$ cat my_file18.cif   # mmCIF, C-alpha atoms
data_upload
loop_
_atom_site.label_atom_id
_atom_site.label_comp_id
_atom_site.auth_asym_id
_atom_site.auth_seq_id
_atom_site.Cartn_x
_atom_site.Cartn_y
_atom_site.Cartn_z
CA MET U 1 0.00 0.00 0.00
CA MET U 2 2.83 2.38 0.95
CA PHE U 3 4.67 1.64 -2.30
CA GLY U 4 1.49 2.25 -4.30
CA THR U 5 1.01 5.63 -2.63
CA LEU U 6 4.67 6.49 -3.13
CA SER U 7 4.52 5.54 -6.81
CA ARG U 8 1.49 7.74 -7.35
CA TYR U 9 3.26 10.61 -5.61
CA PHE U 10 6.37 10.25 -7.76
CA PHE U 11 4.28 9.85 -10.91
CA ARG U 12 2.30 13.00 -10.07
CA ARG U 13 5.52 14.93 -9.47
CA TYR U 14 6.80 13.76 -12.86
CA LEU U 15 3.60 14.82 -14.67
CA VAL U 16 3.49 18.26 -13.04
CA THR U 17 7.15 18.94 -13.81
CA THR U 18 6.65 17.75 -17.39
CA GLY U 19 3.70 20.09 -17.80
CA TRP U 20 5.70 23.10 -16.62
CA PHE U 21 8.62 22.21 -18.87
CA LEU U 22 6.34 21.85 -21.89
CA ILE U 23 4.77 25.24 -21.18
CA GLY U 24 8.18 26.87 -20.82
CA VAL U 25 9.66 25.23 -23.91
CA SER U 26 6.56 26.10 -25.96
CA ALA U 27 6.78 29.76 -24.94
CA ILE U 28 10.48 30.01 -25.76
CA ALA U 29 10.07 28.13 -29.05
CA PHE U 30 7.14 30.36 -30.03
CA LEU U 31 9.09 33.56 -29.42
CA LEU U 32 12.21 32.35 -31.22
CA ASP U 33 10.36 30.95 -34.23
CA PHE U 34 8.17 34.05 -34.54
CA SER U 35 11.27 36.26 -34.50
CA GLU U 36 12.96 34.08 -37.11
CA THR U 37 9.82 33.99 -39.29
CA ALA U 38 9.36 37.76 -39.08
CA GLY U 39 12.99 38.40 -39.99
CA ARG U 40 12.95 35.97 -42.90
CA MET U 41 9.53 36.71 -44.40
CA SER U 42 8.57 40.25 -43.40
CA GLY U 43 9.53 41.46 -46.87
CA LEU U 44 7.14 39.11 -48.67
CA PRO U 45 4.07 40.66 -50.33
CA GLY U 46 1.47 38.83 -48.27
CA TYR U 47 3.15 38.84 -44.86
CA THR U 48 1.28 40.23 -41.86
CA ILE U 49 1.99 40.10 -38.14
CA GLY U 50 -1.18 38.11 -37.59
CA GLY U 51 -0.13 35.70 -40.31
CA GLY U 52 3.29 35.33 -38.69
CA VAL U 53 1.68 34.47 -35.36
CA LEU U 54 -0.55 31.93 -37.12
CA MET U 55 2.36 30.31 -38.94
CA THR U 56 4.38 30.05 -35.74
CA ALA U 57 1.39 28.52 -33.96
CA VAL U 58 0.91 25.77 -36.56
CA ARG U 59 4.67 25.08 -36.65
CA LEU U 60 4.93 24.87 -32.86
CA PRO U 61 3.94 21.16 -32.58
CA LEU U 62 6.77 20.18 -34.96
CA ILE U 63 9.31 22.22 -32.98
CA LEU U 64 7.98 20.78 -29.72
CA GLN U 65 8.21 17.25 -31.10
CA GLN U 66 11.91 17.77 -31.83
CA THR U 67 12.58 18.96 -28.27
CA ILE U 68 10.66 16.19 -26.46
CA PRO U 69 13.79 14.02 -25.84
CA PHE U 70 15.47 16.92 -24.06
CA VAL U 71 12.28 17.66 -22.13
CA ALA U 72 12.30 14.06 -20.85
CA LEU U 73 15.97 14.40 -19.90
CA PHE U 74 15.60 17.67 -17.98
CA VAL U 75 12.37 16.59 -16.33
CA GLY U 76 14.09 13.46 -15.01
CA ILE U 77 17.07 15.42 -13.72
CA THR U 78 14.89 18.13 -12.14
CA VAL U 79 12.53 15.74 -10.36
CA LEU U 80 15.27 13.44 -9.03
CA ILE U 81 17.42 16.33 -7.82
CA GLY U 82 14.40 17.86 -6.11
CA LEU U 83 13.55 14.60 -4.37
CA ASN U 84 17.17 14.18 -3.30
CA ARG U 85 17.44 17.68 -1.84
CA LYS U 86 14.30 17.16 0.21
CA TYR U 87 15.66 13.82 1.48
CA GLU U 88 12.64 12.04 0.00
CA LEU U 89 14.78 9.64 -2.02
CA VAL U 90 17.08 9.10 0.94
CA VAL U 91 14.14 8.04 3.13
CA THR U 92 12.70 5.93 0.32
CA ARG U 93 15.94 4.02 -0.20
CA ALA U 94 16.46 3.67 3.57
CA ALA U 95 13.04 2.01 3.74
CA GLY U 96 14.33 -0.76 1.47
CA VAL U 97 12.80 0.39 -1.84
CA SER U 98 15.17 -0.49 -4.67
CA VAL U 99 16.14 1.92 -7.40
CA TRP U 100 14.06 -0.01 -9.94
CA GLN U 101 10.96 0.25 -7.78
CA PHE U 102 11.03 4.01 -7.23
CA MET U 103 12.18 4.60 -10.82
CA PHE U 104 9.14 2.78 -12.18
CA PRO U 105 6.82 5.87 -12.01
CA PHE U 106 9.37 7.95 -13.92
CA ILE U 107 9.83 5.24 -16.55
CA ALA U 108 6.04 4.93 -16.87
CA GLY U 109 5.75 8.71 -17.22
CA SER U 110 8.38 8.86 -19.96
CA LEU U 111 6.69 5.98 -21.78
CA ALA U 112 3.35 7.80 -21.61
CA LEU U 113 4.98 10.99 -22.89
CA GLY U 114 6.52 9.05 -25.78
CA VAL U 115 3.21 7.42 -26.71
CA LEU U 116 1.43 10.80 -26.66
CA THR U 117 4.19 12.28 -28.82
CA MET U 118 3.83 9.43 -31.32
CA THR U 119 0.02 9.26 -31.50
CA ALA U 120 -1.10 12.83 -30.82
CA LEU U 121 1.70 15.38 -31.22
CA ASN U 122 3.15 13.91 -34.43
CA PRO U 123 -0.11 13.96 -36.46
CA LEU U 124 -0.68 17.53 -35.28
CA ALA U 125 2.90 18.45 -36.22
CA ALA U 126 2.51 16.90 -39.70
CA TRP U 127 -0.71 18.83 -40.28
CA GLY U 128 0.86 22.04 -39.03
CA GLN U 129 3.86 21.67 -41.32
CA ARG U 130 1.58 21.28 -44.35
CA GLN U 131 -0.38 24.37 -43.36
CA ALA U 132 2.81 26.37 -42.81
CA LEU U 133 3.99 25.56 -46.33
CA LEU U 134 0.65 26.71 -47.75
CA VAL U 135 0.78 29.96 -45.79
CA GLU U 136 4.33 30.64 -46.95
CA SER U 137 3.37 30.04 -50.57
CA ASP U 138 0.42 32.44 -50.26
CA TRP U 139 2.72 35.11 -48.84
CA ARG U 140 5.20 34.78 -51.67
CA GLY U 141 2.56 34.99 -54.37
CA GLU U 142 2.62 33.23 -57.71
CA ASN U 143 4.86 35.86 -59.30
CA ALA U 144 7.34 36.07 -56.43
CA VAL U 145 10.77 34.53 -56.73
CA LEU U 146 10.85 31.57 -54.37
CA ARG U 147 13.80 30.86 -52.16
CA LYS U 148 15.62 27.84 -53.47
CA ALA U 149 14.57 24.72 -51.60
CA PRO U 150 17.31 22.59 -50.01
CA GLN U 151 16.16 19.59 -52.01
CA ILE U 152 14.39 20.19 -55.33
CA PRO U 153 12.09 17.31 -56.25
CA TRP U 154 12.45 15.96 -59.79
CA LEU U 155 10.15 13.69 -61.77
CA ARG U 156 10.55 12.06 -65.15
CA GLN U 157 7.62 11.18 -67.34
CA ILE U 158 7.72 9.35 -70.67
CA SER U 159 4.45 9.43 -72.58
CA GLY U 160 4.73 8.26 -76.19
CA ARG U 161 7.55 10.26 -77.74
CA ASP U 162 7.50 12.86 -75.00
CA ASP U 163 10.35 12.63 -72.50
CA VAL U 164 10.01 15.32 -69.84
CA ILE U 165 11.95 16.10 -66.64
CA ILE U 166 9.86 18.05 -64.12
CA GLY U 167 11.27 20.04 -61.19
CA ALA U 168 9.94 22.63 -58.77
CA GLN U 169 10.93 24.97 -55.98
CA MET U 170 8.01 24.08 -53.70
CA VAL U 171 5.51 21.24 -53.40
CA GLN U 172 1.94 21.66 -52.20
CA GLU U 173 -1.26 19.64 -51.83
CA ASN U 174 0.52 16.37 -51.04
CA GLY U 175 2.71 16.63 -54.12
CA THR U 176 0.05 17.28 -56.77
CA LYS U 177 0.75 21.01 -57.09
CA LEU U 178 4.20 22.32 -57.98
CA VAL U 179 5.14 25.96 -57.48
CA ASP U 180 7.70 27.64 -59.76
CA ALA U 181 7.87 24.50 -61.86
CA VAL U 182 10.43 23.76 -64.59
CA LEU U 183 9.68 21.25 -67.37
CA ILE U 184 12.49 20.25 -69.75
CA HIS U 185 11.54 18.30 -72.91
CA PHE U 186 13.95 15.97 -74.72
CA ASP U 187 13.85 14.38 -78.16
CA SER U 188 14.65 10.74 -78.89
CA GLY U 189 18.35 11.61 -79.11
CA GLY U 190 18.46 13.16 -75.68
CA GLN U 191 18.69 16.75 -76.90
CA VAL U 192 16.73 19.53 -75.19
CA ILE U 193 13.96 20.76 -77.49
CA LEU U 194 11.80 22.81 -75.11
CA ARG U 195 11.87 24.34 -71.64
CA GLN U 196 8.70 25.45 -69.90
CA ASP U 197 8.78 27.63 -66.77
CA ALA U 198 5.41 27.80 -65.01
CA SER U 199 4.38 29.63 -61.85
CA THR U 200 2.27 26.58 -60.91
CA ALA U 201 1.78 23.07 -62.29
CA LYS U 202 -1.31 21.24 -61.09
CA LEU U 203 -1.65 17.51 -61.75
CA GLU U 204 -5.13 16.75 -63.06
CA ASP U 205 -6.57 13.52 -64.42
CA GLY U 206 -4.28 12.72 -67.35
CA TYR U 207 -2.57 16.09 -67.75
CA TRP U 208 -0.56 18.84 -66.07
CA GLN U 209 -2.29 22.21 -65.92
CA LEU U 210 0.46 24.83 -66.29
CA ASN U 211 -0.24 28.48 -65.46
CA ASN U 212 1.75 31.61 -66.40
CA VAL U 213 4.07 29.70 -68.70
CA VAL U 214 7.23 30.87 -70.46
CA GLU U 215 8.29 28.51 -73.27
CA ARG U 216 11.85 28.55 -74.61
CA LYS U 217 13.08 26.65 -77.66
CA PRO U 218 16.70 26.60 -78.83
CA GLY U 219 17.34 29.51 -81.18
CA GLU U 220 13.85 31.05 -80.75
CA ILE U 221 12.39 33.96 -78.78
CA PRO U 222 10.68 32.98 -75.49
CA VAL U 223 6.89 32.81 -75.70
CA ARG U 224 4.53 33.60 -72.81
CA LYS U 225 1.25 31.74 -72.42
CA ALA U 226 -1.46 32.10 -69.79
CA SER U 227 -1.99 28.35 -69.50
CA VAL U 228 -0.84 25.12 -71.11
CA GLN U 229 -2.01 21.55 -70.73
CA LEU U 230 0.67 18.86 -70.89
CA ARG U 231 -0.41 15.27 -71.31
CA THR U 232 0.89 12.84 -68.67
CA ASN U 233 0.57 9.22 -67.67
CA LEU U 234 1.56 9.95 -64.06
CA LYS U 235 -1.07 9.16 -61.48
CA GLN U 236 -1.80 11.41 -58.53
CA ASP U 237 -1.10 8.62 -56.03
CA PHE U 238 2.34 8.06 -57.57
CA VAL U 239 3.24 11.75 -57.49
CA GLN U 240 2.04 12.08 -53.91
CA GLU U 241 4.23 9.20 -52.77
CA ARG U 242 7.19 10.50 -54.78
CA LEU U 243 7.15 14.10 -53.60
CA THR U 244 5.58 14.20 -50.12
CA ALA U 245 8.11 14.76 -47.34
CA PRO U 246 7.95 12.20 -44.47
CA GLU U 247 7.70 15.03 -41.90
CA THR U 248 4.33 16.07 -43.37
CA ILE U 249 2.81 12.59 -42.96
CA GLY U 250 1.19 11.68 -39.65
CA PHE U 251 2.04 8.51 -37.77
CA PHE U 252 -1.25 6.76 -38.56
CA ASP U 253 -0.84 7.41 -42.31
CA LEU U 254 2.77 6.28 -42.62
CA SER U 255 2.12 2.52 -42.92
CA ASN U 256 -0.39 3.09 -45.75
CA ARG U 257 2.01 5.46 -47.51
CA ILE U 258 4.81 2.91 -47.24
CA ALA U 259 2.62 0.21 -48.78
CA ALA U 260 1.52 2.57 -51.57
CA ALA U 261 5.10 3.64 -52.32
CA LYS U 262 6.22 0.01 -52.54
CA SER U 263 3.40 -0.74 -55.00
CA PHE U 264 4.76 2.03 -57.27
CA GLY U 265 8.34 0.83 -56.92
CA ILE U 266 9.39 3.99 -55.07
CA SER U 267 12.09 3.84 -52.41
CA THR U 268 10.54 3.76 -48.93
CA LYS U 269 13.73 4.21 -46.91
CA ALA U 270 12.84 7.70 -45.68
CA LEU U 271 9.26 6.72 -44.82
CA GLU U 272 10.33 3.55 -43.03
CA THR U 273 12.97 5.47 -41.08
CA GLN U 274 10.38 8.04 -40.01
CA PHE U 275 7.93 5.30 -39.00
CA ASN U 276 10.48 3.37 -36.95
CA SER U 277 11.78 6.59 -35.42
CA LEU U 278 8.30 7.38 -34.13
CA LEU U 279 7.83 3.82 -32.88
CA SER U 280 11.08 4.01 -30.94
CA GLN U 281 10.22 7.40 -29.43
CA PRO U 282 8.80 6.02 -26.13
CA LEU U 283 11.91 3.91 -25.52
CA LEU U 284 14.14 6.86 -26.45
CA LEU U 285 12.47 8.89 -23.70
CA VAL U 286 12.97 6.01 -21.27
CA ALA U 287 16.65 6.01 -22.21
CA MET U 288 16.79 9.75 -21.50
CA THR U 289 15.17 9.13 -18.11
CA LEU U 290 17.73 6.44 -17.27
CA ILE U 291 20.53 8.83 -18.26
CA ALA U 292 18.99 11.40 -15.92
CA ALA U 293 18.91 8.80 -13.13
CA THR U 294 22.56 7.82 -13.56
CA VAL U 295 23.70 11.39 -12.88
CA SER U 296 21.05 12.41 -10.35
CA LEU U 297 20.63 9.61 -7.82
CA LYS U 298 23.85 10.19 -5.87
CA PHE U 299 22.86 12.21 -2.81
CA SER U 300 24.32 15.67 -2.37
CA ARG U 301 22.56 18.38 -0.43
CA PHE U 302 24.05 21.52 -2.00
CA ASN U 303 26.87 20.96 -4.53
CA GLN U 304 25.21 18.65 -7.03
CA SER U 305 23.59 20.89 -9.62
CA ARG U 306 26.56 21.97 -11.72
CA SER U 307 28.06 18.53 -12.32
CA VAL U 308 24.65 16.88 -12.69
CA ILE U 309 23.32 19.34 -15.24
CA LEU U 310 26.56 19.30 -17.27
CA GLY U 311 26.78 15.51 -17.27
CA GLY U 312 23.12 15.09 -18.14
CA ILE U 313 23.22 17.62 -20.95
CA LEU U 314 26.34 16.13 -22.51
CA SER U 315 25.07 12.55 -22.27
CA GLY U 316 21.62 13.38 -23.61
CA PHE U 317 23.05 15.58 -26.36
CA MET U 318 25.38 12.80 -27.51
CA LEU U 319 22.49 10.33 -27.64
CA TYR U 320 20.31 12.79 -29.55
CA VAL U 321 23.04 13.60 -32.08
CA ILE U 322 23.74 9.92 -32.65
CA THR U 323 20.05 9.14 -33.23
CA VAL U 324 19.67 12.04 -35.68
CA LEU U 325 22.87 11.11 -37.53
CA VAL U 326 22.00 7.44 -37.84
CA LYS U 327 18.44 8.37 -38.85
CA ALA U 328 19.90 10.35 -41.75
CA PHE U 329 21.86 7.26 -42.77
CA GLY U 330 18.64 5.24 -42.66
CA SER U 331 16.73 7.76 -44.78
CA SER U 332 19.45 7.72 -47.43
CA GLY U 333 19.57 3.90 -47.50
CA VAL U 334 23.13 3.60 -46.16
CA VAL U 335 21.83 1.73 -43.09
CA PRO U 336 18.60 -0.33 -42.92
CA PRO U 337 15.85 1.86 -41.40
CA PHE U 338 15.08 -0.58 -38.57
CA VAL U 339 18.73 -0.75 -37.54
CA ALA U 340 19.22 3.00 -37.88
CA THR U 341 16.38 3.87 -35.51
CA TRP U 342 16.39 1.08 -32.96
CA ILE U 343 20.07 0.27 -32.34
CA PRO U 344 21.03 3.63 -30.72
CA VAL U 345 17.96 3.47 -28.46
CA VAL U 346 18.59 -0.13 -27.39
CA VAL U 347 22.27 0.60 -26.72
CA ALA U 348 21.38 3.68 -24.64
CA LEU U 349 18.84 1.67 -22.64
CA ALA U 350 21.38 -1.08 -21.98
CA LEU U 351 24.08 1.39 -20.93
CA GLY U 352 21.72 3.28 -18.63
CA ALA U 353 20.52 0.07 -16.97
CA THR U 354 24.08 -1.21 -16.60
CA ILE U 355 25.28 1.99 -14.93
CA LEU U 356 22.33 1.95 -12.52
CA LEU U 357 23.04 -1.68 -11.66
CA HIS U 358 26.68 -0.86 -11.04
CA GLN U 359 25.80 2.10 -8.83
CA GLU U 360 23.30 0.09 -6.78
CA ASP U 361 25.01 -3.28 -6.51
CA GLY U 362 28.63 -2.38 -7.11
#

$ encode --input "my_file18.cif" --output "structure tokens"
Amino acid sequence: MMFGTLSRYFFRRYLVTTGWFLIGVSAIAFLLDFSETAGRMSGLPGYTIGGGVLMTAVRLPLILQQTIPFVALFVGITVLIGLNRKYELVVTRAAGVSVWQFMFPFIAGSLALGVLTMTALNPLAAWGQRQALLVESDWRGENAVLRKAPQIPWLRQISGRDDVIIGAQMVQENGTKLVDAVLIHFDSGGQVILRQDASTAKLEDGYWQLNNVVERKPGEIPVRKASVQLRTNLKQDFVQERLTAPETIGFFDLSNRIAAAKSFGISTKALETQFNSLLSQPLLLVAMTLIAATVSLKFSRFNQSRSVILGGILSGFMLYVITVLVKAFGSSGVVPPFVATWIPVVVALALGATILLHQEDG
């Protein structure tokens, strides 16, 4: 009965501290992202302060999702240090409660936080990222020069004698609308015969609808056209799977997108890495909690904070960097997605448990 009451008390302390950390991190992230958005986009034709606040608000879940591992780390350190300084852990351990017993509420809390991140925060973050891209495109306007994207998507379509390479600066509507699109036509010998620059290219049933088009042929004067229809055999489902970024797909849609991409013969490495990364999120937060425990359980009344915080930050930062780095390897296909996402988490869990065992049992 006493252990049940104690567990509920520790669990409640963990939840309250987590709530305060999430509020604080959200406020800081909102202010920083709003300042960055205002500085980067205030010169765009459609930008307004209200729009900047709205964009920051819809982007906030994605930013918060990226900081959750550090939230779990600092919550664990804060709660355990607080319990130590009030002698609550000292009394608990003197009563014969093992480290694994009083750590159970914190592990359960981090698991719950990871599950909520995976099932609730991630779908909201994916939706918010899609909305943010739409808002940014509206601000820039169809005639504005778009900032070059870090990765320009390219498609190739061959329909009869037409061989066309299609690129764009921005992708909208799950990949079926391209902004600032470039279409390069080749003949049977591989020579460029036509280039079309369109402000937008919308994939309809059996054709691309190009708007505000400039056509250039070798040796001829460029020709402007209000709209052009280009025949295509590309299906909307194929284009969606080819161009949609994994970060804009919610957790519950990822498995269906992976199956659809495989049916089209498209590489699913990035999607599988994202899916496994989300699945491993609860255990990653448990690993962060164990790291917090390894540097926080040693009793010290006054002189613990500096070494504890530094050790916790460095350990958690190293784990986070490793997971992000290996995740990039998984997305590019260098490492299998399952291995890339799960191995760092399993190793961190094993190391954290081993250190705790060594501290408790020698």

$ closest_residue --input "my_file18.cif" --among "U:Pro218, U:Gly50, U:Pro336, U:Gly76" --to "U:Gly109" --atoms "only C-alpha atoms"
U:Gly76

$ resolve_selection --input "my_file18.cif" --expression "the PyMOL selection byres ((chain U and resi 180-188) around 6)" --output "MDAnalysis selection string"
chainID U and resid 163:169 178:179 189:200

$ write_last_selection --input "my_file18.cif" --atoms "C-alpha atoms" --output "PDB file, keeping the file's coordinate frame"
ATOM      1  CA  ASP U 163      10.350  12.630 -72.500  1.00  0.00           C
ATOM      2  CA  VAL U 164      10.010  15.320 -69.840  1.00  0.00           C
ATOM      3  CA  ILE U 165      11.950  16.100 -66.640  1.00  0.00           C
ATOM      4  CA  ILE U 166       9.860  18.050 -64.120  1.00  0.00           C
ATOM      5  CA  GLY U 167      11.270  20.040 -61.190  1.00  0.00           C
ATOM      6  CA  ALA U 168       9.940  22.630 -58.770  1.00  0.00           C
ATOM      7  CA  GLN U 169      10.930  24.970 -55.980  1.00  0.00           C
ATOM      8  CA  LEU U 178       4.200  22.320 -57.980  1.00  0.00           C
ATOM      9  CA  VAL U 179       5.140  25.960 -57.480  1.00  0.00           C
ATOM     10  CA  GLY U 189      18.350  11.610 -79.110  1.00  0.00           C
ATOM     11  CA  GLY U 190      18.460  13.160 -75.680  1.00  0.00           C
ATOM     12  CA  GLN U 191      18.690  16.750 -76.900  1.00  0.00           C
ATOM     13  CA  VAL U 192      16.730  19.530 -75.190  1.00  0.00           C
ATOM     14  CA  ILE U 193      13.960  20.760 -77.490  1.00  0.00           C
ATOM     15  CA  LEU U 194      11.800  22.810 -75.110  1.00  0.00           C
ATOM     16  CA  ARG U 195      11.870  24.340 -71.640  1.00  0.00           C
ATOM     17  CA  GLN U 196       8.700  25.450 -69.900  1.00  0.00           C
ATOM     18  CA  ASP U 197       8.780  27.630 -66.770  1.00  0.00           C
ATOM     19  CA  ALA U 198       5.410  27.800 -65.010  1.00  0.00           C
ATOM     20  CA  SER U 199       4.380  29.630 -61.850  1.00  0.00           C
ATOM     21  CA  THR U 200       2.270  26.580 -60.910  1.00  0.00           C
TER      22      THR U 200
END

$ closest_residue --input "my_file18.cif" --among "U:Val58, U:Val326, U:Ile291, U:Val115" --to "U:Gln131" --atoms "all atoms listed in the file"
U:Val58

$ atom_distance --input "my_file18.cif" --atom1 "atom CA of U:Glu215" --atom2 "atom CA of U:Ser137"
23.3 Å

$ atom_distance --input "my_file18.cif" --atom1 "atom CA of U:Phe275" --atom2 "atom CA of U:Pro61"
17.6 Å

$ atom_distance --input "my_file18.cif" --atom1 "atom CA of U:Leu230" --atom2 "atom CA of U:Arg257"
27.0 Å

$ residues_around --input "my_file18.cif" --residues "U:Ala201" --least-positions-apart "4" --cutoff "6 Å" --atoms "all atoms listed in the file" --output "PyMOL selection string"
chain U and resi 177-178+209-210

$ residues_near_point --input "my_file18.cif" --point "(11.7, 6.2, -39.9)" --cutoff "12 Å" --atoms "all atoms listed in the file" --output "compact mmCIF listing (two decimals) with C-alpha atoms, in the frame of the given file"
# COMPACT_ATOMS: atom_id res chain seq x y z
CA ALA U 245 8.11 14.76 -47.34
CA PRO U 246 7.95 12.20 -44.47
CA GLU U 247 7.70 15.03 -41.90
CA ILE U 249 2.81 12.59 -42.96
CA GLY U 250 1.19 11.68 -39.65
CA PHE U 251 2.04 8.51 -37.77
CA LEU U 254 2.77 6.28 -42.62
CA SER U 255 2.12 2.52 -42.92
CA ILE U 258 4.81 2.91 -47.24
CA THR U 268 10.54 3.76 -48.93
CA LYS U 269 13.73 4.21 -46.91
CA ALA U 270 12.84 7.70 -45.68
CA LEU U 271 9.26 6.72 -44.82
CA GLU U 272 10.33 3.55 -43.03
CA THR U 273 12.97 5.47 -41.08
CA GLN U 274 10.38 8.04 -40.01
CA PHE U 275 7.93 5.30 -39.00
CA ASN U 276 10.48 3.37 -36.95
CA SER U 277 11.78 6.59 -35.42
CA LEU U 278 8.30 7.38 -34.13
CA LEU U 279 7.83 3.82 -32.88
CA SER U 280 11.08 4.01 -30.94
CA GLN U 281 10.22 7.40 -29.43
CA THR U 323 20.05 9.14 -33.23
CA VAL U 324 19.67 12.04 -35.68
CA VAL U 326 22.00 7.44 -37.84
CA LYS U 327 18.44 8.37 -38.85
CA ALA U 328 19.90 10.35 -41.75
CA PHE U 329 21.86 7.26 -42.77
CA GLY U 330 18.64 5.24 -42.66
CA SER U 331 16.73 7.76 -44.78
CA SER U 332 19.45 7.72 -47.43
CA GLY U 333 19.57 3.90 -47.50
CA VAL U 335 21.83 1.73 -43.09
CA PRO U 336 18.60 -0.33 -42.92
CA PRO U 337 15.85 1.86 -41.40
CA PHE U 338 15.08 -0.58 -38.57
CA VAL U 339 18.73 -0.75 -37.54
CA ALA U 340 19.22 3.00 -37.88
CA THR U 341 16.38 3.87 -35.51
CA TRP U 342 16.39 1.08 -32.96

$ residues_around --input "my_file18.cif" --residues "U:Val75" --least-positions-apart "6" --cutoff "12 Å" --atoms "all atoms listed in the file" --output "ChimeraX atom specification"
/U:11,13-22,24-25,68-69,81-82,106-107,109-110,113,285-286,288-293,296,309,312-313

$ closest_residue --input "my_file18.cif" --among "U:Arg130, U:Leu73, U:Ala120, U:Trp100" --to "U:Leu319" --atoms "all atoms listed in the file"
U:Leu73

$ closest_residue --input "my_file18.cif" --among "U:Leu44, U:Leu283, U:Ala29, U:Leu60" --to "U:Met118" --atoms "all atoms listed in the file"
U:Leu283

$ closest_residue --input "my_file18.cif" --among "U:Leu349, U:Ile343, U:Leu356, U:Leu325" --to "U:Ser98" --atoms "only C-alpha atoms"
U:Leu356

$ resolve_selection --input "my_file18.cif" --expression "the PyMOL selection byres ((chain U and resi 224-228) around 6)" --output "list of chain:residue names"
U:Leu210, U:Asn211, U:Asn212, U:Val213, U:Val214, U:Val223, U:Gln229

$ residues_around --input "my_file18.cif" --residues "U:Ala132" --least-positions-apart "6" --cutoff "12 Å" --atoms "all atoms listed in the file" --output "PyMOL selection string"
chain U and resi 37+51-62+125-126+138-139+172-173+248

$ closest_residue --input "my_file18.cif" --among "U:Met103, U:Val295, U:Ile158, U:Ala108" --to "U:Leu89" --atoms "only C-alpha atoms"
U:Met103

$ decode --input "my_file18.cif" --residues "stretch 33-37 of chain U" --atoms "all heavy atoms" --output "PDB file, in the first residue's frame"
ATOM      1  N   ASP U  33      10.804  31.235 -32.861  1.00  0.00           N
ATOM      2  CA  ASP U  33      10.357  30.946 -34.226  1.00  0.00           C
ATOM      3  C   ASP U  33       9.629  32.139 -34.827  1.00  0.00           C
ATOM      4  O   ASP U  33       9.774  32.415 -36.024  1.00  0.00           O
ATOM      5  CB  ASP U  33       9.449  29.719 -34.225  1.00  0.00           C
ATOM      6  CG  ASP U  33       9.155  29.224 -35.637  1.00  0.00           C
ATOM      7  OD1 ASP U  33      10.083  28.744 -36.305  1.00  0.00           O
ATOM      8  OD2 ASP U  33       7.988  29.334 -36.085  1.00  0.00           O
ATOM      9  N   PHE U  34       8.853  32.855 -34.019  1.00  0.00           N
ATOM     10  CA  PHE U  34       8.171  34.047 -34.535  1.00  0.00           C
ATOM     11  C   PHE U  34       9.182  35.105 -34.954  1.00  0.00           C
ATOM     12  O   PHE U  34       9.037  35.743 -36.003  1.00  0.00           O
ATOM     13  CB  PHE U  34       7.227  34.614 -33.482  1.00  0.00           C
ATOM     14  CG  PHE U  34       6.549  35.889 -33.908  1.00  0.00           C
ATOM     15  CD1 PHE U  34       5.516  35.865 -34.833  1.00  0.00           C
ATOM     16  CD2 PHE U  34       6.962  37.108 -33.401  1.00  0.00           C
ATOM     17  CE1 PHE U  34       4.896  37.036 -35.245  1.00  0.00           C
ATOM     18  CE2 PHE U  34       6.359  38.287 -33.801  1.00  0.00           C
ATOM     19  CZ  PHE U  34       5.323  38.257 -34.724  1.00  0.00           C
ATOM     20  N   SER U  35      10.233  35.295 -34.147  1.00  0.00           N
ATOM     21  CA  SER U  35      11.265  36.265 -34.499  1.00  0.00           C
ATOM     22  C   SER U  35      11.974  35.860 -35.784  1.00  0.00           C
ATOM     23  O   SER U  35      12.229  36.699 -36.661  1.00  0.00           O
ATOM     24  CB  SER U  35      12.279  36.391 -33.358  1.00  0.00           C
ATOM     25  OG  SER U  35      11.650  36.838 -32.175  1.00  0.00           O
ATOM     26  N   GLU U  36      12.283  34.565 -35.914  1.00  0.00           N
ATOM     27  CA  GLU U  36      12.957  34.077 -37.114  1.00  0.00           C
ATOM     28  C   GLU U  36      12.049  34.213 -38.341  1.00  0.00           C
ATOM     29  O   GLU U  36      12.497  34.619 -39.417  1.00  0.00           O
ATOM     30  CB  GLU U  36      13.371  32.629 -36.908  1.00  0.00           C
ATOM     31  CG  GLU U  36      14.309  32.071 -37.971  1.00  0.00           C
ATOM     32  CD  GLU U  36      13.574  31.489 -39.169  1.00  0.00           C
ATOM     33  OE1 GLU U  36      12.382  31.135 -39.008  1.00  0.00           O
ATOM     34  OE2 GLU U  36      14.172  31.395 -40.247  1.00  0.00           O
ATOM     35  N   THR U  37      10.766  33.883 -38.178  1.00  0.00           N
ATOM     36  CA  THR U  37       9.823  33.990 -39.290  1.00  0.00           C
ATOM     37  C   THR U  37       9.645  35.438 -39.724  1.00  0.00           C
ATOM     38  O   THR U  37       9.625  35.746 -40.920  1.00  0.00           O
ATOM     39  CB  THR U  37       8.456  33.399 -38.886  1.00  0.00           C
ATOM     40  OG1 THR U  37       8.621  32.018 -38.555  1.00  0.00           O
ATOM     41  CG2 THR U  37       7.451  33.518 -40.025  1.00  0.00           C
TER      42      THR U  37
END
